[in-house]
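start-v9.txt, holding compact mmCIF, C-alpha atoms:
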```
# COMPACT_ATOMS: atom_id res chain seq x y z
CA MET P 1 0.00 0.00 0.00
CA PHE P 2 1.14 3.57 -0.49
CA THR P 3 0.54 6.79 1.41
CA LEU P 4 -0.95 10.05 0.18
CA ASP P 5 -0.44 13.57 1.40
CA GLN P 6 -3.41 15.20 3.11
CA LYS P 7 -3.88 17.70 0.31
CA THR P 8 -4.51 14.91 -2.19
CA VAL P 9 -6.78 13.06 0.25
CA HIS P 10 -8.83 16.23 0.71
CA ARG P 11 -9.20 16.71 -3.04
CA LEU P 12 -10.36 13.11 -3.52
CA GLU P 13 -12.82 13.24 -0.63
CA PRO P 14 -15.99 14.28 -2.57
CA ALA P 15 -15.59 11.30 -4.91
CA VAL P 16 -14.72 8.66 -2.31
CA ARG P 17 -16.97 9.81 0.53
CA ARG P 18 -19.64 7.30 -0.55
CA VAL P 19 -18.66 4.53 -2.95
CA ILE P 20 -20.59 1.56 -4.33
CA VAL P 21 -18.57 -1.53 -5.24
CA ALA P 22 -20.54 -3.88 -7.49
CA ASP P 23 -18.69 -7.19 -7.60
CA PRO P 24 -19.96 -10.76 -7.09
CA ASN P 25 -16.52 -11.87 -5.92
CA GLY P 26 -16.33 -11.15 -2.20
CA ALA P 27 -12.53 -11.13 -1.99
CA SER P 28 -12.20 -8.82 -4.97
CA ALA P 29 -14.87 -6.50 -3.58
CA ARG P 30 -13.13 -6.30 -0.19
CA LEU P 31 -9.79 -5.52 -1.86
CA LEU P 32 -11.36 -2.68 -3.81
CA GLY P 33 -13.05 -1.40 -0.66
CA ASP P 34 -9.81 -1.50 1.34
CA ILE P 35 -7.95 0.48 -1.32
CA VAL P 36 -10.72 3.08 -1.49
CA LYS P 37 -10.62 3.43 2.31
CA SER P 38 -6.85 3.97 2.13
CA LEU P 39 -7.59 6.88 -0.23
CA GLY P 40 -9.91 8.49 2.28
CA GLY P 41 -13.13 6.60 1.53
CA ARG P 42 -15.73 6.76 4.31
CA ASP P 43 -18.85 4.76 3.43
CA ILE P 44 -18.26 1.77 1.14
CA PHE P 45 -21.31 -0.21 0.02
CA PHE P 46 -21.06 -3.67 -1.53
CA GLU P 47 -23.55 -5.32 -3.91
CA SER P 48 -23.48 -8.06 -6.52
CA ASP P 49 -26.97 -7.81 -8.03
CA GLU P 50 -27.54 -5.20 -10.74
CA GLN P 51 -31.04 -4.22 -9.69
CA ARG P 52 -30.01 -3.91 -6.07
CA VAL P 53 -27.13 -1.68 -7.16
CA MET P 54 -29.68 0.61 -8.83
CA ASP P 55 -31.80 0.67 -5.67
CA LEU P 56 -28.73 1.31 -3.52
CA ALA P 57 -27.57 4.12 -5.81
CA ARG P 58 -30.94 5.82 -5.38
CA GLU P 59 -30.66 5.52 -1.61
CA VAL P 60 -27.04 6.54 -0.94
CA GLU P 61 -26.23 8.80 -3.94
CA PRO P 62 -22.61 7.63 -4.36
CA GLY P 63 -19.82 9.88 -5.58
CA LEU P 64 -18.16 6.92 -7.30
CA ILE P 65 -19.24 3.50 -8.59
CA ILE P 66 -16.77 0.68 -9.19
CA THR P 67 -18.25 -2.28 -11.03
CA GLU P 68 -17.05 -5.66 -12.21
CA CYS P 69 -17.74 -6.22 -15.90
CA THR P 70 -19.79 -9.40 -15.48
CA GLY P 71 -21.41 -11.58 -12.84
CA PRO P 72 -24.31 -14.01 -12.38
CA ARG P 73 -26.72 -11.08 -11.87
CA LEU P 74 -24.54 -8.22 -13.01
CA ASP P 75 -23.71 -6.69 -16.39
CA GLY P 76 -21.39 -3.73 -15.83
CA ALA P 77 -22.07 -2.10 -19.20
CA ASP P 78 -25.84 -2.45 -18.77
CA LEU P 79 -25.58 -1.03 -15.25
CA ALA P 80 -23.68 2.00 -16.55
CA LYS P 81 -26.27 2.63 -19.28
CA ARG P 82 -29.13 2.36 -16.80
CA ILE P 83 -27.52 4.81 -14.41
CA ARG P 84 -26.69 7.31 -17.16
CA ARG P 85 -30.25 7.27 -18.55
CA SER P 86 -31.95 7.30 -15.16
CA THR P 87 -33.29 10.20 -13.12
CA LEU P 88 -30.98 9.31 -10.21
CA ALA P 89 -29.07 12.14 -8.57
CA CYS P 90 -25.90 10.11 -9.15
CA ARG P 91 -26.38 9.65 -12.91
CA TYR P 92 -23.28 11.79 -13.52
CA ALA P 93 -21.16 9.93 -10.94
CA PRO P 94 -17.86 8.50 -12.23
CA ILE P 95 -17.97 4.79 -13.03
CA ILE P 96 -14.85 2.62 -13.11
CA MET P 97 -15.15 -0.84 -14.67
CA VAL P 98 -12.85 -3.64 -13.49
CA THR P 99 -12.26 -6.93 -15.29
CA ALA P 100 -9.67 -9.53 -16.20
CA ASP P 101 -11.26 -9.82 -19.65
CA ALA P 102 -9.75 -6.68 -21.17
CA THR P 103 -10.54 -7.44 -24.81
CA ALA P 104 -11.10 -4.74 -27.41
CA THR P 105 -14.81 -5.65 -27.43
CA THR P 106 -15.12 -5.33 -23.66
CA ILE P 107 -13.28 -2.02 -23.58
CA LYS P 108 -15.42 -0.57 -26.39
CA ALA P 109 -18.62 -1.73 -24.67
CA ALA P 110 -17.53 -0.04 -21.44
CA ARG P 111 -16.70 3.20 -23.23
CA ASP P 112 -19.98 3.24 -25.16
CA ALA P 113 -21.97 2.52 -22.00
CA GLY P 114 -20.74 5.71 -20.33
CA VAL P 115 -17.97 4.30 -18.13
CA HIS P 116 -15.30 6.82 -17.14
CA GLU P 117 -12.31 4.52 -16.64
CA PHE P 118 -11.33 0.92 -17.27
CA LEU P 119 -9.11 -1.10 -14.89
CA ARG P 120 -7.60 -4.40 -15.87
CA LYS P 121 -7.02 -7.21 -13.37
CA PRO P 122 -4.63 -7.89 -11.78
CA PHE P 123 -4.07 -4.33 -10.59
CA THR P 124 -2.21 -2.55 -7.82
CA ALA P 125 -3.41 0.05 -5.35
CA ALA P 126 -1.52 2.63 -7.41
CA ASP P 127 -3.44 1.58 -10.53
CA LEU P 128 -6.79 2.16 -8.85
CA PHE P 129 -5.56 5.42 -7.33
CA ARG P 130 -4.65 6.75 -10.79
CA ARG P 131 -8.15 5.93 -12.08
CA ILE P 132 -9.81 7.59 -9.10
CA GLU P 133 -7.50 10.58 -9.42
CA ASN P 134 -8.50 10.91 -13.09
CA VAL P 135 -12.24 10.88 -12.43
CA ALA P 136 -12.04 13.08 -9.33
CA LEU P 137 -9.52 15.70 -10.41
CA LYS P 138 -9.66 15.68 -14.21
CA PRO P 139 -13.36 15.96 -15.08
CA ARG P 140 -14.46 15.26 -18.65
CA ASP P 141 -17.12 17.10 -20.61
CA TRP P 142 -20.57 15.53 -20.34
CA VAL P 143 -22.37 14.38 -23.50
CA GLU P 144 -26.16 14.31 -23.29
CA ALA P 145 -27.36 12.79 -26.55
CA VAL P 146 -29.86 10.08 -27.49
CA ALA P 147 -27.56 7.33 -28.71
CA TYR P 148 -24.98 8.08 -26.01
CA VAL P 149 -25.10 9.56 -22.50
CA GLY P 150 -21.94 9.95 -20.45
CA PRO P 151 -18.48 11.51 -20.30
CA ASP P 152 -16.75 12.53 -23.52
CA ARG P 153 -15.57 9.27 -25.06
CA ARG P 154 -12.59 10.92 -26.75
CA ARG P 155 -10.81 11.00 -23.39
CA PHE P 156 -11.73 7.46 -22.34
CA ASN P 157 -8.85 5.70 -20.59
CA SER P 158 -8.70 2.01 -21.44
CA GLY P 159 -5.51 1.57 -19.44
CA GLU P 160 -4.09 -0.29 -22.41
CA TYR P 161 -2.63 2.55 -24.51
CA ALA P 162 0.43 4.59 -23.54
CA GLY P 163 1.68 5.82 -26.91
CA PRO P 164 1.38 9.17 -28.70
CA ARG P 165 -1.93 10.82 -29.47
CA LYS P 166 -4.00 8.70 -31.83
CA ARG P 167 -5.98 11.46 -33.58
CA LYS P 168 -5.36 14.99 -34.79
CA ALA P 169 -8.44 15.93 -32.76
CA ASP P 170 -6.46 15.09 -29.61
CA ALA P 171 -4.04 17.96 -30.24
CA PRO P 172 -4.38 21.04 -28.00
CA LYS P 173 -6.98 23.53 -29.28
CA THR P 174 -7.15 27.29 -29.12
CA ALA P 175 -10.04 28.87 -27.21
CA ALA P 176 -11.81 29.66 -30.49
CA GLN P 177 -11.40 26.08 -31.71
CA THR P 178 -12.73 24.73 -28.43
CA VAL P 179 -15.85 26.92 -28.68
CA ALA P 180 -16.36 25.98 -32.33
CA ALA P 181 -16.05 22.26 -31.53
CA ALA P 182 -18.52 22.53 -28.64
CA LYS P 183 -20.99 24.42 -30.83
CA ASP P 184 -20.66 21.88 -33.65
CA GLN P 185 -21.21 18.97 -31.27
CA ALA P 186 -24.29 20.59 -29.71
CA LEU P 187 -25.83 21.23 -33.13
CA ARG P 188 -25.10 17.67 -34.27
CA ILE P 189 -26.73 16.31 -31.12
CA LEU P 190 -29.81 18.48 -31.73
CA ALA P 191 -30.14 17.17 -35.28
CA ALA P 192 -29.71 13.59 -34.07
CA ALA P 193 -32.24 14.12 -31.27
CA LEU P 194 -34.90 15.03 -33.81
CA ALA P 195 -34.01 12.08 -36.03
CA GLN P 196 -34.04 9.64 -33.08
CA PHE P 197 -36.85 11.26 -31.10
CA ASP P 198 -39.34 8.43 -31.54
CA SER P 199 -36.89 5.79 -30.27
CA ASP P 200 -36.49 7.44 -26.83
CA PRO P 201 -38.61 10.61 -26.40
CA ALA P 202 -37.63 11.19 -22.76
CA GLN P 203 -33.89 11.08 -23.47
CA ALA P 204 -34.34 13.13 -26.65
CA VAL P 205 -36.02 15.89 -24.64
CA ARG P 206 -33.24 15.77 -22.05
CA ALA P 207 -30.63 15.96 -24.81
CA VAL P 208 -32.35 18.93 -26.46
CA ARG P 209 -32.60 20.79 -23.16
CA GLN P 210 -28.90 20.29 -22.46
CA GLN P 211 -27.84 21.47 -25.93
CA ALA P 212 -30.05 24.56 -25.69
CA GLU P 213 -28.29 25.50 -22.45
CA THR P 214 -24.87 24.81 -23.98
CA LEU P 215 -25.55 26.88 -27.09
CA LYS P 216 -26.91 29.80 -25.08
CA SER P 217 -23.81 29.75 -22.89
CA LEU P 218 -21.54 29.67 -25.95
CA ALA P 219 -23.50 32.51 -27.54
CA LEU P 220 -23.05 34.69 -24.48
CA LYS P 221 -19.35 33.84 -24.33
CA THR P 222 -18.82 34.83 -27.97
CA SER P 223 -21.36 37.70 -28.08
CA ASP P 224 -23.27 35.92 -30.85
CA ALA P 225 -26.69 37.60 -30.72
CA ARG P 226 -28.31 35.43 -33.40
CA LEU P 227 -27.26 32.23 -31.67
CA ALA P 228 -28.37 33.57 -28.30
CA LEU P 229 -31.84 34.44 -29.60
CA ALA P 230 -32.28 31.07 -31.33
CA ALA P 231 -31.06 29.11 -28.29
CA GLY P 232 -33.30 31.22 -26.07
CA ALA P 233 -36.30 30.43 -28.28
CA LEU P 234 -35.59 26.72 -27.90
CA GLU P 235 -35.27 27.09 -24.12
CA THR P 236 -38.59 28.97 -24.03
CA CYS P 237 -40.25 26.18 -26.00
CA MET P 238 -38.90 23.60 -23.56
CA ALA P 239 -39.96 25.64 -20.52
CA SER P 240 -43.50 26.03 -21.83
CA GLY P 241 -44.04 22.29 -21.59
CA ARG P 242 -44.35 21.88 -25.34
CA ALA P 243 -41.66 19.28 -25.78
CA GLY P 244 -43.11 17.04 -28.47
CA LYS P 245 -41.21 16.37 -31.65
CA ALA P 246 -43.51 18.60 -33.73
CA ASP P 247 -43.00 21.48 -31.28
CA LEU P 248 -39.23 21.21 -31.38
CA VAL P 249 -38.75 21.01 -35.15
CA GLY P 250 -39.05 24.76 -35.72
CA PRO P 251 -36.72 26.01 -32.95
CA ILE P 252 -34.11 23.33 -33.67
CA ASN P 253 -34.14 23.94 -37.42
CA ALA P 254 -33.73 27.66 -36.74
CA LEU P 255 -30.56 26.89 -34.78
CA LEU P 256 -29.25 24.55 -37.46
CA ALA P 257 -29.91 27.17 -40.15
CA ILE P 258 -27.70 29.71 -38.39
CA SER P 259 -24.63 27.53 -38.87
CA ALA P 260 -25.54 26.19 -42.29
CA PRO P 261 -22.98 27.16 -44.96
CA GLU P 262 -23.95 30.04 -47.21
CA PRO P 263 -25.06 28.86 -50.68
CA LYS P 264 -22.42 29.49 -53.32
CA THR P 265 -23.29 31.89 -56.12
CA GLN P 266 -21.82 31.66 -59.56
CA ALA P 267 -20.05 34.68 -60.96
CA GLY P 268 -21.97 36.46 -63.73
```
Take the structure from the file and write it as structure tokens.
Amino acid sequence: MFTLDQKTVHRLEPAVRRVIVADPNGASARLLGDIVKSLGGRDIFFESDEQRVMDLAREVEPGLIITECTGPRLDGADLAKRIRRSTLACRYAPIIMVTADATATTIKAARDAGVHEFLRKPFTAADLFRRIENVALKPRDWVEAVAYVGPDRRRFNSGEYAGPRKRKADAPKTAAQTVAAAKDQALRILAAALAQFDSDPAQAVRAVRQQAETLKSLALKTSDARLALAAGALETCMASGRAGKADLVGPINALLAISAPEPKTQAG
């Protein structure tokens, strides 16, 4: 085991104050719990049944969830999806998935389910600390869409890759580029929410509401009056209770039209 300075322990405290460990293997669960306690964890709750984990999460509102990938009555990816799409207060809580079966398929399933970090067995206390440090001290942007709900997948840590950046998109961005990327993502999510509305109306509405807030914030930051007015109109529509697909088409299309490329004109 290793020791931490009090400053680090204090910074980790909000995440590890209440932790749920979902693992059907008692020895593995106790090991995880002991490591979390060494990092300043106070209340550690253990469960092995997926539905009981959901019930427990509603009751204790954990700051962190650590789940095994599979078990007799536990599917870690399914658990993550259920938490992310729920109305639980802890739906944004970091989730770390632990497994000895670290295949590409398993890692991708964890990432697409909304898991923050992936930890391969066997692991050390330092390995778990680094994952907890990442989720507690290096927050990732939240994506509220229809097909996906969870932390930005572009910064997912599989624990298996330690080489150079894999994509040009991973390169540092200027402030203007960051704003432009956030605006583009919000508009793409709005378009997708309309297209996928019938498959999950409740999540589509939640996604639209989040993107309206994001776009309004970006508009204020960049002094974009047109964007601010269009985002405000969408927020007003949502606040009025008219949140059906037909009601949202107009305000969303108005936002999409603002960023549509100007039609090219041929020289005379």
Query raised in the report: Which residues come within 9 Å of Ala191 of chain P, counting all atoms listed in the file, excluding same-chain residues fewer than 5 positions away, as a count of residues only?
Result: 5
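For the residues P:Ile35, P:Ala136, P:Ala110, P:Val115, ranking by smallest atom-to-atom distance to Gly63 of chain P using all atoms listed in the file places P:Ala136 first.
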Would you tabulate, counting all atoms listed in the file, all residues of segment 39-127 of chain P that have an atom at most 12 Å from an atom of segment 198-220 of chain P, showing the closest pair of atoms and their distance in Å to one decimal, sorted by chain then ascending number, as JSON lines?
```
{"residue": "P:Arg82", "atom": "CA", "partner": "P:Gln203", "partner_atom": "CA", "distance": 12.0}
{"residue": "P:Arg84", "atom": "CA", "partner": "P:Gln203", "partner_atom": "CA", "distance": 10.3}
{"residue": "P:Arg85", "atom": "CA", "partner": "P:Gln203", "partner_atom": "CA", "distance": 7.2}
{"residue": "P:Ser86", "atom": "CA", "partner": "P:Gln203", "partner_atom": "CA", "distance": 9.3}
{"residue": "P:Thr87", "atom": "CA", "partner": "P:Gln203", "partner_atom": "CA", "distance": 10.4}
```
Those selected residues, please, written with C-alpha atoms and delivered as a PDB file, keeping the file's coordinate frame.
```
ATOM      1  CA  ARG P  82     -29.130   2.360 -16.800  1.00  0.00           C
ATOM      2  CA  ARG P  84     -26.690   7.310 -17.160  1.00  0.00           C
ATOM      3  CA  ARG P  85     -30.250   7.270 -18.550  1.00  0.00           C
ATOM      4  CA  SER P  86     -31.950   7.300 -15.160  1.00  0.00           C
ATOM      5  CA  THR P  87     -33.290  10.200 -13.120  1.00  0.00           C
TER       6      THR P  87
END
```
**Report entry** Spatial neighbours of segment 91-105 of chain P, max dist 9 Å, only C-alpha atoms, sep filter under 2 positions, as a PyMOL selection string
**Finding:** chain P and resi 15+61-70+76-77+80+82-89+107-110+114-122+131-132+135-136+142+150-151+158+160
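Distance-wise, atom CA of Leu194 of chain P and atom CA of Asp152 of chain P end up 21.0 Å apart.
Going from atom CA of Arg130 of chain P over to atom CA of Pro14 of chain P, you cover 15.9 Å.
A straight line drawn from atom CA of Leu128 of chain P to atom CA of Glu144 of chain P is 27.0 Å long.
If you measure from each of P:Ala145, P:Ser38, P:Glu133, P:Arg52 to Arg188 of chain P using all atoms listed in the file, the closest one turns out to be P:Ala145.
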Query raised in the report: So which residues fall inside 10 Å of (-30.5, 30.1, -37.9) if we count only C-alpha atoms? Mind giving them as a PyMOL selection string?
Result: chain P and resi 226-227+229-231+251-260
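Distance annotation: of P:Ala192, P:Val179, P:Gln185, P:Asn134, the residue with the minimal separation from Val146 of chain P is P:Ala192; atom set is only C-alpha atoms.
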